[in-house]
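J.: Take a look at the following structure, please.
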Amino acid sequence: MNHPKVNNTLILGAGPAGMAAAMELHKARHHVHVVEKDIQVGGLAKTLTYEEDGNVFRTDIGPHRFYSKNPYLYAFIADLLHEKWQQVPRCTRFYIGGIFYHYPIRFTDVLKKIGLWNACCILHNYLYERARKCICPRTLNSFEDYVVSTFGRRLAEFNMLNYTEKIWGVPCNQISIDWAKQRIGNLSVIAAIKKMFIKCGGPKSLVDIFYYPSHGTGLIYEAIKNKLLAGGHQLSLQSEPVVIHHENNAITSVTINTPQGEQTLYPAYVVNSIPITRCIQLFSPPPPQNVIRAAQSLRFRSQVYLFLTVNKPSISKDNWIYFPDKEIPFGRISEMRNFSSHMCPDGMTSLFVEFFCFKGDEIWNASKEELFEMSISTFEKMNFFMRQDVRNIYLLKKEHVYPIYDLDYAEHVQTVLEWTDSFSNFYTIGRPGRFRYTNQDHSLEMGIHAAACILNKKKWQYTFGKEDEYFEQGYVPKTVTNEESTPPQGDREHVATSPVSGYRDSNR
Ligand SMILES: Cc1cc2nc3c(=O)[nH]c(=O)nc-3n(C[C@H](O)[C@H](O)[C@H](O)COP(=O)(O)OP(=O)(O)OC[C@H]3O[C@@H](n4cnc5c(N)ncnc54)[C@H](O)[C@@H]3O)c2cc1C
C-alpha cells in the first residue's frame, strides 16, 4: 500500500534530546509524534514526585545542574521556565577514608587532613611525572595512563582511579583515554592552584554556581510536553518501536507498540534517541553483519538508586558527596533540598543514593531493604541521620545510564553510526542514541541540530567541536533572558551547530 508522506517527524525517546528536537520542530510548525516507553517524559533528566500523607517529595535521577557554553540553550530553557529557573551555589565534597574533603580542592584543607608526609609523596609523584614527560614520556593508551601522567600516581589513586572504577565496573587501564580527555580535559594541578587564588575563570568543573529549575530538572521537559500537547502534536507514553522498516536508504515506516495495541506509522523523518544497541535490532531488513556485531560489542553501565525521605529538616549543606572508597557500596549521594526548597516539605528532607552496577549483578538484583542495610551504617557514622529518622525507602533502576568507553568502543560506535547516518531521513541523537556520554546541554544541542537538519533538508553533521572536547567547559550567565530563544528561521542551523559546549562533574 502507498502511504503519502506528510510533513511529520516521529521521535523515539522523550529524553532531553528527543524533547529538544520536538520543541524546535513545533516552533517551525512541523508536526511531531513522540514515542516514549516510560510513563513520563524527561528520560534520565526527569523529576519524580512521591506523596506521603500530603507531603510532597521530589527528586531527579541524581540532581541535574545545568550549564553550557551555548547561550542559545540558556535562552531555550529560560523561554520555557521563566523565573522558575534559579541559580544555586555549589557545595561538593569527597568522603575518603572517613574524612571529608572539599571539592574543588582547598590545599590547606587537604594538607591539614592528609598530613605533610602524604602531601610530600603526592608532590614528589607529580614532579616525577612532569620530569618524565620531558625526558621519556609515557605511552598514553588508557584512562589510567592519562591521569597518572597528568597528576602523578599518588594523587590519581587518591580520588580518581578508584572512583572511576566504581563508576565503570572495569579497571582504569581498560577504559579509553577519550574518557579522560572528555572528563578531565585541561584540568591540571596548576589549574586547580590558579582556581584557589583567582575566583573567576579556570576550567568549568570548578565552577561554583549553576542553574536549576525550582521543581526539579524534569520541569524543562514537562514544559515542552505541555507546549507539544497544546500544539496538537502526539505523545505516546508507555509505547515503544518494534520494527523500523527501510528501503533504498530511507525509513519507510515504523511499527510501534502502544497500550492500545500495535500501530504502523509512515513519518517523513525519524529521530531516534533510544539506545542505539536496541534501535539496531529493530531494523527490517536487518543491518549488515559487521554493524550488528559492532552494536553487540557496545555496553552500558547501569545504576540503581535509593531515594530516602527523612524526618529531619536538613542532613548537610552539600549538593553532592562522592564516595570513591570501595568498601562503601554507593558512589554518590545528594540532598535535593540543597538544590531547591520546593523539592521537600518544610521540616523534612531527603537523600538520593546512587549505586553503579551491571544489569543482573548483585547490586541490580538487591531489594531496597538489602541496599538500605548496606548503606545505613555509613550515614549513621557520618552523623547524617539514624535509621529511625527514615520515613520511606524508594528503589529505582536504570539500565542504559553510562555508555562504556572501553578500549575498542570508538571503532564500534563509528561502524554503527556510519551505517545509521547514511539514511536520508533518519537521525540518531542523544546519549544512548549516539553512545556518547553527554549531559543535558549536548543532548539538547543534538536534538536542536536534528530539527535544523530536517527543516533545512540537510544530513547529520553535528560534532562536539574536537572529539576530545573537555566536558567541563562553559559559562554561567548572571541572568538569563529568552530574547535569543527564537532563532531567525534561516539561521536555525547556524544556531544549532554553533558554539558546541560541554561540561561535566565527576559523574552524571
Ligand atoms: C545520575 C545522573 C546524574 C546526572 N546529572 C546531570 C547533571 O547534573 N547535569 C546534566 O546536564 N546532565 C546530567 N546527567 C545526564 C543527563 O541525564 C543526560 O545527559 C540526558 O538525560 C541525556 O538525554 P538523552 O535524551 O540523550 O537520553 P535519555 O535521557 O537517556 O533519554 C532517552 C529516552 O528514551 C527512552 N527510551 C529508551 N528505550 C526506549 C524504547 N525502546 N522505546 C521508547 N523509548 C525508549 C527512555 O525512557 C528515555 O526517556 C545525569 C545523568 C545521571 C544518570
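So you can find residues: chains in the C-alpha cells are A, B, ... in the order shown, residues in each start at 1, and ligands are numbered from 1 in order.
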Write out as JSON, numbers by chain each polymer residue (protein, DNA or RNA) that has an atom no more than 7 Å from ligand 1, with only C-alpha atoms and all ligand atoms counted.
T.: {"A": [12, 13, 14, 15, 16, 17, 18, 35, 36, 37, 38, 41, 42, 43, 44, 45, 61, 62, 63, 64, 65, 66, 67, 239, 240, 241, 273, 274, 275, 278, 354, 400, 401, 429, 430, 431, 432, 433, 438, 439, 440, 441, 443, 507, 508]}
J.: Would you pick out the contacts of stretch 221-233 of chain A at 10 Å or less, using only C-alpha atoms, so that residues sharing its chain but fewer than 4 positions from it are not included, and give the list as a ChimeraX atom specification?
T.: /A:8,14-16,18-20,22-27,29-34,40-43,45-47,77,79-81,217
J.: For those residues, write N, CA and C atoms to a file as an mmCIF file, in the first residue's frame.
T.:
data_model
loop_
_atom_site.group_PDB
_atom_site.id
_atom_site.type_symbol
_atom_site.label_atom_id
_atom_site.label_comp_id
_atom_site.auth_asym_id
_atom_site.auth_seq_id
_atom_site.Cartn_x
_atom_site.Cartn_y
_atom_site.Cartn_z
ATOM 1 N N ASN A 8 5.853 15.305 8.652
ATOM 2 C CA ASN A 8 5.841 14.971 10.072
ATOM 3 C C ASN A 8 7.059 14.153 10.447
ATOM 4 N N ALA A 14 11.721 10.291 24.745
ATOM 5 C CA ALA A 14 11.358 11.645 25.177
ATOM 6 C C ALA A 14 12.299 12.162 26.259
ATOM 7 N N GLY A 15 13.600 11.885 26.107
ATOM 8 C CA GLY A 15 14.610 12.487 26.990
ATOM 9 C C GLY A 15 14.925 13.886 26.471
ATOM 10 N N PRO A 16 15.933 14.548 27.059
ATOM 11 C CA PRO A 16 16.280 15.904 26.610
ATOM 12 C C PRO A 16 16.517 16.006 25.105
ATOM 13 N N GLY A 18 15.380 14.066 22.517
ATOM 14 C CA GLY A 18 14.130 13.909 21.763
ATOM 15 C C GLY A 18 13.197 15.094 21.969
ATOM 16 N N MET A 19 13.112 15.576 23.219
ATOM 17 C CA MET A 19 12.182 16.674 23.509
ATOM 18 C C MET A 19 12.671 17.988 22.898
ATOM 19 N N ALA A 20 13.997 18.183 22.834
ATOM 20 C CA ALA A 20 14.518 19.409 22.210
ATOM 21 C C ALA A 20 14.217 19.395 20.716
ATOM 22 N N ALA A 22 11.731 17.859 19.321
ATOM 23 C CA ALA A 22 10.279 18.085 19.195
ATOM 24 C C ALA A 22 9.951 19.563 19.344
ATOM 25 N N MET A 23 10.583 20.223 20.318
ATOM 26 C CA MET A 23 10.282 21.635 20.583
ATOM 27 C C MET A 23 10.668 22.510 19.394
ATOM 28 N N GLU A 24 11.840 22.250 18.830
ATOM 29 C CA GLU A 24 12.294 23.061 17.699
ATOM 30 C C GLU A 24 11.394 22.845 16.479
ATOM 31 N N LEU A 25 10.971 21.603 16.271
ATOM 32 C CA LEU A 25 10.095 21.329 15.121
ATOM 33 C C LEU A 25 8.724 21.976 15.353
ATOM 34 N N HIS A 26 8.276 21.922 16.612
ATOM 35 C CA HIS A 26 6.997 22.575 16.957
ATOM 36 C C HIS A 26 7.063 24.073 16.646
ATOM 37 N N LYS A 27 8.192 24.703 16.996
ATOM 38 C CA LYS A 27 8.338 26.145 16.744
ATOM 39 C C LYS A 27 8.229 26.436 15.247
ATOM 40 N N ARG A 29 6.346 24.827 13.200
ATOM 41 C CA ARG A 29 5.028 24.305 12.774
ATOM 42 C C ARG A 29 5.137 23.004 11.981
ATOM 43 N N HIS A 30 6.053 22.191 12.389
ATOM 44 C CA HIS A 30 6.247 20.887 11.753
ATOM 45 C C HIS A 30 5.659 19.866 12.736
ATOM 46 N N HIS A 31 4.847 18.944 12.274
ATOM 47 C CA HIS A 31 4.146 18.044 13.196
ATOM 48 C C HIS A 31 5.067 16.946 13.722
ATOM 49 N N VAL A 32 4.947 16.655 15.027
ATOM 50 C CA VAL A 32 5.756 15.565 15.598
ATOM 51 C C VAL A 32 4.889 14.556 16.345
ATOM 52 N N HIS A 33 5.379 13.341 16.379
ATOM 53 C CA HIS A 33 4.778 12.286 17.198
ATOM 54 C C HIS A 33 5.922 11.706 18.035
ATOM 55 N N VAL A 34 5.824 11.856 19.361
ATOM 56 C CA VAL A 34 6.902 11.373 20.245
ATOM 57 C C VAL A 34 6.464 10.050 20.870
ATOM 58 N N GLN A 40 6.462 8.886 31.864
ATOM 59 C CA GLN A 40 6.614 10.342 31.849
ATOM 60 C C GLN A 40 7.799 10.737 30.964
ATOM 61 N N VAL A 41 7.841 12.007 30.597
ATOM 62 C CA VAL A 41 8.909 12.472 29.709
ATOM 63 C C VAL A 41 10.126 12.898 30.534
ATOM 64 N N GLY A 42 11.260 13.127 29.863
ATOM 65 C CA GLY A 42 12.458 13.656 30.536
ATOM 66 C C GLY A 42 13.637 12.700 30.555
ATOM 67 N N GLY A 43 13.390 11.418 30.287
ATOM 68 C CA GLY A 43 14.494 10.448 30.259
ATOM 69 C C GLY A 43 15.256 10.436 31.583
ATOM 70 N N ALA A 45 16.741 12.745 32.762
ATOM 71 C CA ALA A 45 16.619 14.073 33.364
ATOM 72 C C ALA A 45 15.179 14.360 33.808
ATOM 73 N N LYS A 46 14.414 13.313 34.093
ATOM 74 C CA LYS A 46 13.048 13.577 34.580
ATOM 75 C C LYS A 46 13.083 13.815 36.095
ATOM 76 N N THR A 47 11.997 14.323 36.618
ATOM 77 C CA THR A 47 11.882 14.505 38.070
ATOM 78 C C THR A 47 10.706 13.667 38.562
ATOM 79 N N ILE A 77 15.876 27.394 27.522
ATOM 80 C CA ILE A 77 15.272 26.949 28.787
ATOM 81 C C ILE A 77 14.553 28.106 29.474
ATOM 82 N N ASP A 79 13.031 30.474 28.161
ATOM 83 C CA ASP A 79 11.770 30.666 27.452
ATOM 84 C C ASP A 79 10.700 29.693 27.964
ATOM 85 N N LEU A 80 11.141 28.542 28.451
ATOM 86 C CA LEU A 80 10.196 27.543 28.945
ATOM 87 C C LEU A 80 9.877 27.747 30.426
ATOM 88 N N LEU A 81 10.889 28.166 31.198
ATOM 89 C CA LEU A 81 10.718 28.165 32.661
ATOM 90 C C LEU A 81 10.569 29.548 33.281
ATOM 91 N N THR A 217 14.736 19.199 37.552
ATOM 92 C CA THR A 217 15.145 19.402 36.161
ATOM 93 C C THR A 217 14.081 18.940 35.172
#
J.: Would you mind reading off the distance between atom CA of A:Arg332 and atom CA of A:Tyr95, one decimal, in Å?
T.: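 For atom CA of A:Arg332 relative to atom CA of A:Tyr95, the distance reads 9.7 Å.
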J.: For stretch 238-342 of chain A versus stretch 154-170 of chain A, which residues have an atom no more than 8 Å away, and what is each residue's nearest atom pair and distance in Å rounded to one decimal, using only C-alpha atoms, chain-then-number order, as JSON lines?
T.:
{"residue": "A:Arg301", "atom": "CA", "partner": "A:Trp168", "partner_atom": "CA", "distance": 6.4}
{"residue": "A:Phe323", "atom": "CA", "partner": "A:Tyr163", "partner_atom": "CA", "distance": 7.3}
{"residue": "A:Pro324", "atom": "CA", "partner": "A:Tyr163", "partner_atom": "CA", "distance": 4.3}
{"residue": "A:Asp325", "atom": "CA", "partner": "A:Asn162", "partner_atom": "CA", "distance": 6.8}
{"residue": "A:Lys326", "atom": "CA", "partner": "A:Asn162", "partner_atom": "CA", "distance": 7.2}
{"residue": "A:Gly331", "atom": "CA", "partner": "A:Lys166", "partner_atom": "CA", "distance": 7.0}
J.: For the residues in that selection, give me C-alpha atoms as a PDB file, in the first residue's frame.
T.:
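The new file again.pdb reads:
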ATOM      1  CA  ARG A 301      26.719   0.644  32.754  1.00  0.00           C
ATOM      2  CA  PHE A 323      32.460   8.171  47.849  1.00  0.00           C
ATOM      3  CA  PRO A 324      35.467   6.734  45.980  1.00  0.00           C
ATOM      4  CA  ASP A 325      36.253   4.087  48.671  1.00  0.00           C
ATOM      5  CA  LYS A 326      35.488   0.551  47.509  1.00  0.00           C
ATOM      6  CA  GLY A 331      29.149   6.205  44.743  1.00  0.00           C
TER       7      GLY A 331
END
J.: Which polymer residues have any atom within 12 Å of an atom of A:Asp361, counting only C-alpha atoms, with same-chain residues fewer than 2 positions away left out, as a list in words?
T.: Gly169, Arg301, Ser302, Gln303, Val304, Phe355, Phe356, Cys357, Phe358, Lys359, Ile363, Trp364, Asn365, Ala366 and Glu399 of chain A
J.: Residues as selected, N, CA and C atoms, written as a PDB file, in the first residue's frame, can you do that?
T.:
ATOM      1  N   GLY A 169      32.984  -0.067  36.594  1.00  0.00           N
ATOM      2  CA  GLY A 169      32.998  -1.503  36.878  1.00  0.00           C
ATOM      3  C   GLY A 169      34.072  -2.237  36.105  1.00  0.00           C
ATOM      4  N   ARG A 301      26.684   0.861  31.312  1.00  0.00           N
ATOM      5  CA  ARG A 301      26.719   0.644  32.754  1.00  0.00           C
ATOM      6  C   ARG A 301      25.358   1.079  33.296  1.00  0.00           C
ATOM      7  N   SER A 302      24.858   0.349  34.280  1.00  0.00           N
ATOM      8  CA  SER A 302      23.531   0.651  34.832  1.00  0.00           C
ATOM      9  C   SER A 302      23.666   1.277  36.215  1.00  0.00           C
ATOM     10  N   GLN A 303      22.559   1.738  36.735  1.00  0.00           N
ATOM     11  CA  GLN A 303      22.537   2.266  38.098  1.00  0.00           C
ATOM     12  C   GLN A 303      21.270   1.832  38.809  1.00  0.00           C
ATOM     13  N   VAL A 304      21.368   1.634  40.119  1.00  0.00           N
ATOM     14  CA  VAL A 304      20.164   1.566  40.947  1.00  0.00           C
ATOM     15  C   VAL A 304      20.271   2.686  41.977  1.00  0.00           C
ATOM     16  N   PHE A 355      24.000   3.883  43.235  1.00  0.00           N
ATOM     17  CA  PHE A 355      24.857   2.693  43.164  1.00  0.00           C
ATOM     18  C   PHE A 355      25.143   2.407  41.690  1.00  0.00           C
ATOM     19  N   PHE A 356      26.360   1.994  41.372  1.00  0.00           N
ATOM     20  CA  PHE A 356      26.711   1.640  39.988  1.00  0.00           C
ATOM     21  C   PHE A 356      26.697   0.118  39.867  1.00  0.00           C
ATOM     22  N   CYS A 357      26.214  -0.384  38.738  1.00  0.00           N
ATOM     23  CA  CYS A 357      26.137  -1.841  38.604  1.00  0.00           C
ATOM     24  C   CYS A 357      25.983  -2.233  37.128  1.00  0.00           C
ATOM     25  N   PHE A 358      25.978  -3.519  36.891  1.00  0.00           N
ATOM     26  CA  PHE A 358      25.565  -4.040  35.592  1.00  0.00           C
ATOM     27  C   PHE A 358      24.209  -4.711  35.776  1.00  0.00           C
ATOM     28  N   LYS A 359      23.379  -4.625  34.748  1.00  0.00           N
ATOM     29  CA  LYS A 359      22.064  -5.263  34.845  1.00  0.00           C
ATOM     30  C   LYS A 359      22.257  -6.746  35.186  1.00  0.00           C
ATOM     31  N   ILE A 363      24.096  -6.075  42.906  1.00  0.00           N
ATOM     32  CA  ILE A 363      23.500  -4.784  43.284  1.00  0.00           C
ATOM     33  C   ILE A 363      22.191  -4.574  42.526  1.00  0.00           C
ATOM     34  N   TRP A 364      22.199  -4.891  41.248  1.00  0.00           N
ATOM     35  CA  TRP A 364      20.987  -4.720  40.426  1.00  0.00           C
ATOM     36  C   TRP A 364      19.833  -5.532  41.008  1.00  0.00           C
ATOM     37  N   ASN A 365      20.155  -6.758  41.473  1.00  0.00           N
ATOM     38  CA  ASN A 365      19.101  -7.654  41.952  1.00  0.00           C
ATOM     39  C   ASN A 365      18.712  -7.416  43.412  1.00  0.00           C
ATOM     40  N   ALA A 366      19.494  -6.583  44.123  1.00  0.00           N
ATOM     41  CA  ALA A 366      19.219  -6.395  45.557  1.00  0.00           C
ATOM     42  C   ALA A 366      17.872  -5.695  45.771  1.00  0.00           C
ATOM     43  N   GLU A 399      18.748   1.087  33.281  1.00  0.00           N
ATOM     44  CA  GLU A 399      19.678   0.161  32.624  1.00  0.00           C
ATOM     45  C   GLU A 399      20.735   0.867  31.760  1.00  0.00           C
TER      46      GLU A 399
END
J.: Which one of A:Val56, A:Leu10, A:Arg106, A:Ile114 sits closest to A:Ile256 if you count only C-alpha atoms?
T.: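 For A:Ile256, the nearest of the given residues is A:Leu10.
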J.: Grab the atom CA of A:Lys133 to atom CA of A:Val147 distance for me, in Å with one decimal place.
T.: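 Pair atom CA of A:Lys133 / atom CA of A:Val147 returns 12.7 Å.
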J.: Rounded to one decimal in Å, what is the spacing between atom CA of A:His449 and atom CA of A:Glu247?
T.: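 Pair atom CA of A:His449 / atom CA of A:Glu247 returns 24.7 Å.
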J.: Which residue gives the smallest distance to A:Tyr427 among A:Glu380, A:Ala250, A:Ile315, A:Cys120, with only C-alpha atoms counted?
T.: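 The answer is A:Ala250, which sits nearest to A:Tyr427.
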J.: Excluding A:Met382 and its own-chain neighbours fewer than 2 positions away, which residues fall within 12 Å of it when counting only C-alpha atoms? Please give them as an MDAnalysis selection string.
T.: chainID A and resid 95:100 315:316 321 375:380 384:386
J.: My list of candidates is A:Ile220, A:Ile333, A:Leu111, A:Leu116. Which is closest to A:Arg93 when distances are computed with only C-alpha atoms?
T.: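 The shortest atom-to-atom distance to A:Arg93 comes from A:Ile333.
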J.: Go through stretch 374-463 of chain A and collect every residue that DSSP, computed from the backbone, puts in alpha helix (DSSP H); the answer should be as a tab-separated table (two decimals) with N, CA and C atoms, in the first residue's frame.
T.:
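Here's the written file result_11.tsv:
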chain	number	residue	atom	x	y	z
A	374	MET	N	22.92	-2.17	53.51
A	374	MET	CA	24.32	-1.98	53.12
A	374	MET	C	24.79	-0.55	53.40
A	375	SER	N	23.85	0.41	53.43
A	375	SER	CA	24.22	1.82	53.42
A	375	SER	C	24.05	2.53	54.75
A	376	ILE	N	23.09	2.10	55.55
A	376	ILE	CA	22.69	2.91	56.71
A	376	ILE	C	23.84	3.16	57.69
A	377	SER	N	24.74	2.15	57.84
A	377	SER	CA	25.82	2.34	58.82
A	377	SER	C	26.71	3.53	58.42
A	378	THR	N	26.90	3.73	57.11
A	378	THR	CA	27.72	4.88	56.67
A	378	THR	C	27.03	6.19	57.03
A	379	PHE	N	25.72	6.26	56.82
A	379	PHE	CA	25.01	7.51	57.14
A	379	PHE	C	25.03	7.77	58.64
A	380	GLU	N	24.89	6.70	59.42
A	380	GLU	CA	24.91	6.87	60.88
A	380	GLU	C	26.31	7.30	61.34
A	381	LYS	N	27.33	6.68	60.74
A	381	LYS	CA	28.71	7.01	61.11
A	381	LYS	C	29.03	8.48	60.80
A	409	TYR	N	35.65	0.84	22.05
A	409	TYR	CA	34.30	1.35	21.80
A	409	TYR	C	34.23	2.28	20.58
A	410	ALA	N	35.27	3.12	20.41
A	410	ALA	CA	35.20	4.16	19.38
A	410	ALA	C	35.03	3.54	17.99
A	411	GLU	N	35.77	2.47	17.76
A	411	GLU	CA	35.69	1.79	16.46
A	411	GLU	C	34.28	1.22	16.23
A	412	HIS	N	33.73	0.59	17.28
A	412	HIS	CA	32.38	0.00	17.15
A	412	HIS	C	31.33	1.08	16.93
A	413	VAL	N	31.46	2.19	17.68
A	413	VAL	CA	30.48	3.27	17.54
A	413	VAL	C	30.53	3.81	16.11
A	414	GLN	N	31.74	3.98	15.60
A	414	GLN	CA	31.89	4.52	14.25
A	414	GLN	C	31.20	3.60	13.22
A	415	THR	N	31.42	2.30	13.36
A	415	THR	CA	30.81	1.35	12.41
A	415	THR	C	29.28	1.48	12.43
A	416	VAL	N	28.73	1.55	13.64
A	416	VAL	CA	27.27	1.60	13.76
A	416	VAL	C	26.73	2.94	13.22
A	417	LEU	N	27.37	4.03	13.65
A	417	LEU	CA	26.82	5.34	13.27
A	417	LEU	C	27.03	5.66	11.79
A	418	GLU	N	28.10	5.13	11.21
A	418	GLU	CA	28.27	5.35	9.77
A	418	GLU	C	27.09	4.75	9.01
A	419	TRP	N	26.63	3.61	9.50
A	419	TRP	CA	25.50	2.96	8.82
A	419	TRP	C	24.20	3.73	9.06
A	420	THR	N	23.94	4.08	10.35
A	420	THR	CA	22.66	4.76	10.62
A	420	THR	C	22.65	6.18	10.02
A	430	GLY	N	21.48	11.98	20.91
A	430	GLY	CA	21.41	11.85	22.36
A	430	GLY	C	22.43	10.89	22.93
A	431	ARG	N	22.38	10.77	24.23
A	431	ARG	CA	23.38	9.97	24.96
A	431	ARG	C	23.27	8.49	24.60
A	432	PRO	N	22.08	7.88	24.72
A	432	PRO	CA	22.01	6.47	24.32
A	432	PRO	C	21.98	6.30	22.82
A	433	GLY	N	21.46	7.29	22.10
A	433	GLY	CA	21.30	7.18	20.65
A	433	GLY	C	22.61	7.27	19.89
A	440	GLN	N	22.88	17.15	29.73
A	440	GLN	CA	21.69	17.73	29.11
A	440	GLN	C	22.05	18.67	27.97
A	441	ASP	N	23.08	19.49	28.18
A	441	ASP	CA	23.35	20.52	27.18
A	441	ASP	C	23.69	19.92	25.82
A	442	HIS	N	24.55	18.91	25.80
A	442	HIS	CA	24.89	18.32	24.50
A	442	HIS	C	23.72	17.53	23.92
A	443	SER	N	22.92	16.90	24.77
A	443	SER	CA	21.75	16.19	24.26
A	443	SER	C	20.74	17.17	23.67
A	444	LEU	N	20.55	18.30	24.37
A	444	LEU	CA	19.64	19.33	23.84
A	444	LEU	C	20.16	19.83	22.49
A	445	GLU	N	21.46	20.09	22.44
A	445	GLU	CA	22.05	20.58	21.19
A	445	GLU	C	21.83	19.60	20.04
A	446	MET	N	21.98	18.32	20.35
A	446	MET	CA	21.82	17.33	19.29
A	446	MET	C	20.37	17.31	18.78
A	447	GLY	N	19.42	17.44	19.72
A	447	GLY	CA	18.01	17.50	19.32
A	447	GLY	C	17.75	18.72	18.45
A	448	ILE	N	18.31	19.85	18.86
A	448	ILE	CA	18.11	21.10	18.11
A	448	ILE	C	18.76	20.96	16.72
A	449	HIS	N	19.91	20.33	16.69
A	449	HIS	CA	20.59	20.14	15.41
A	449	HIS	C	19.80	19.21	14.49
A	450	ALA	N	19.25	18.14	15.05
A	450	ALA	CA	18.46	17.21	14.22
A	450	ALA	C	17.26	17.95	13.61
A	451	ALA	N	16.61	18.79	14.44
A	451	ALA	CA	15.46	19.56	13.93
A	451	ALA	C	15.92	20.47	12.79
A	452	ALA	N	17.08	21.11	12.98
A	452	ALA	CA	17.59	22.01	11.93
A	452	ALA	C	17.87	21.23	10.66
A	453	CYS	N	18.41	20.02	10.79
A	453	CYS	CA	18.69	19.20	9.60
A	453	CYS	C	17.39	18.90	8.86
A	454	ILE	N	16.35	18.56	9.62
A	454	ILE	CA	15.07	18.23	8.99
A	454	ILE	C	14.49	19.46	8.29
A	455	LEU	N	14.52	20.58	9.00
A	455	LEU	CA	13.91	21.80	8.43
A	455	LEU	C	14.69	22.31	7.22
J.: With only C-alpha atoms as the atoms that count, which of A:Asn311, A:Asn456, A:Asn118, A:Ser297 lies nearest to A:Arg387?
T.: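 Ranked by minimum distance to A:Arg387, first place goes to A:Asn311.
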J.: Mind checking which residues fall within 9 Å of A:Leu127, counting only C-alpha atoms, ignoring those fewer than 5 positions away in the same chain, and posting them as a ChimeraX atom specification?
T.: /A:122,132,151-152
J.: For each of A:Arg58, A:His246, A:His102, A:His82, take the minimum atom-to-atom distance to A:Tyr394, counting only C-alpha atoms, then give the residue where this is smallest.
T.: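 Distance minimum relative to A:Tyr394 lands on A:Arg58.
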J.: Please return as a PDB file with C-alpha atoms, in the first residue's frame: the residues of stretch 113-300 of chain A that backbone DSSP assigns to strand (DSSP E or B).
T.:
ATOM      1  CA  SER A 142      44.126   4.299  28.718  1.00  0.00           C
ATOM      2  CA  ILE A 175      38.957   2.497  29.932  1.00  0.00           C
ATOM      3  CA  SER A 176      39.565   4.571  26.816  1.00  0.00           C
ATOM      4  CA  ILE A 209      27.289  28.281  40.610  1.00  0.00           C
ATOM      5  CA  PHE A 210      24.835  26.545  38.332  1.00  0.00           C
ATOM      6  CA  TYR A 211      21.247  26.841  37.155  1.00  0.00           C
ATOM      7  CA  TYR A 212      18.478  24.602  38.482  1.00  0.00           C
ATOM      8  CA  PRO A 213      14.680  24.599  37.902  1.00  0.00           C
ATOM      9  CA  GLN A 234       1.094  13.429  19.520  1.00  0.00           C
ATOM     10  CA  LEU A 235       2.787  11.868  22.518  1.00  0.00           C
ATOM     11  CA  SER A 236       2.533   8.111  23.033  1.00  0.00           C
ATOM     12  CA  GLU A 240       7.940   1.637  22.005  1.00  0.00           C
ATOM     13  CA  PRO A 241       9.041   0.981  18.462  1.00  0.00           C
ATOM     14  CA  VAL A 242       9.070  -2.694  17.483  1.00  0.00           C
ATOM     15  CA  VAL A 243      10.066  -2.599  13.791  1.00  0.00           C
ATOM     16  CA  ILE A 244      11.806   0.082  11.719  1.00  0.00           C
ATOM     17  CA  HIS A 245      11.142  -0.709   8.044  1.00  0.00           C
ATOM     18  CA  HIS A 246      13.521   0.677   5.433  1.00  0.00           C
ATOM     19  CA  GLU A 247      14.196   0.585   1.727  1.00  0.00           C
ATOM     20  CA  ALA A 250      15.269   5.604   3.733  1.00  0.00           C
ATOM     21  CA  ILE A 251      12.939   4.675   6.583  1.00  0.00           C
ATOM     22  CA  THR A 252       9.575   3.777   5.079  1.00  0.00           C
ATOM     23  CA  SER A 253       7.528   3.060   8.213  1.00  0.00           C
ATOM     24  CA  VAL A 254       7.834   2.327  11.924  1.00  0.00           C
ATOM     25  CA  THR A 255       5.629  -0.064  13.859  1.00  0.00           C
ATOM     26  CA  ILE A 256       5.084   0.922  17.474  1.00  0.00           C
ATOM     27  CA  ASN A 257       3.576  -0.943  20.382  1.00  0.00           C
ATOM     28  CA  THR A 258       1.220   1.181  22.482  1.00  0.00           C
ATOM     29  CA  GLY A 261      -2.036  -2.221  20.536  1.00  0.00           C
ATOM     30  CA  GLU A 262       0.308  -2.115  17.557  1.00  0.00           C
ATOM     31  CA  GLN A 263       0.236   0.754  15.116  1.00  0.00           C
ATOM     32  CA  THR A 264       2.260   1.396  11.949  1.00  0.00           C
ATOM     33  CA  LEU A 265       3.327   4.990  11.259  1.00  0.00           C
ATOM     34  CA  TYR A 269      11.551  11.676   9.141  1.00  0.00           C
ATOM     35  CA  VAL A 270      12.577   9.620  12.161  1.00  0.00           C
ATOM     36  CA  VAL A 271      14.650  10.972  15.051  1.00  0.00           C
ATOM     37  CA  ASN A 272      15.940   8.231  17.310  1.00  0.00           C
ATOM     38  CA  PHE A 283      15.683  -2.563  11.525  1.00  0.00           C
ATOM     39  CA  SER A 284      13.954  -4.680   8.916  1.00  0.00           C
ATOM     40  CA  PHE A 300      26.032   0.355  29.043  1.00  0.00           C
TER      41      PHE A 300
END
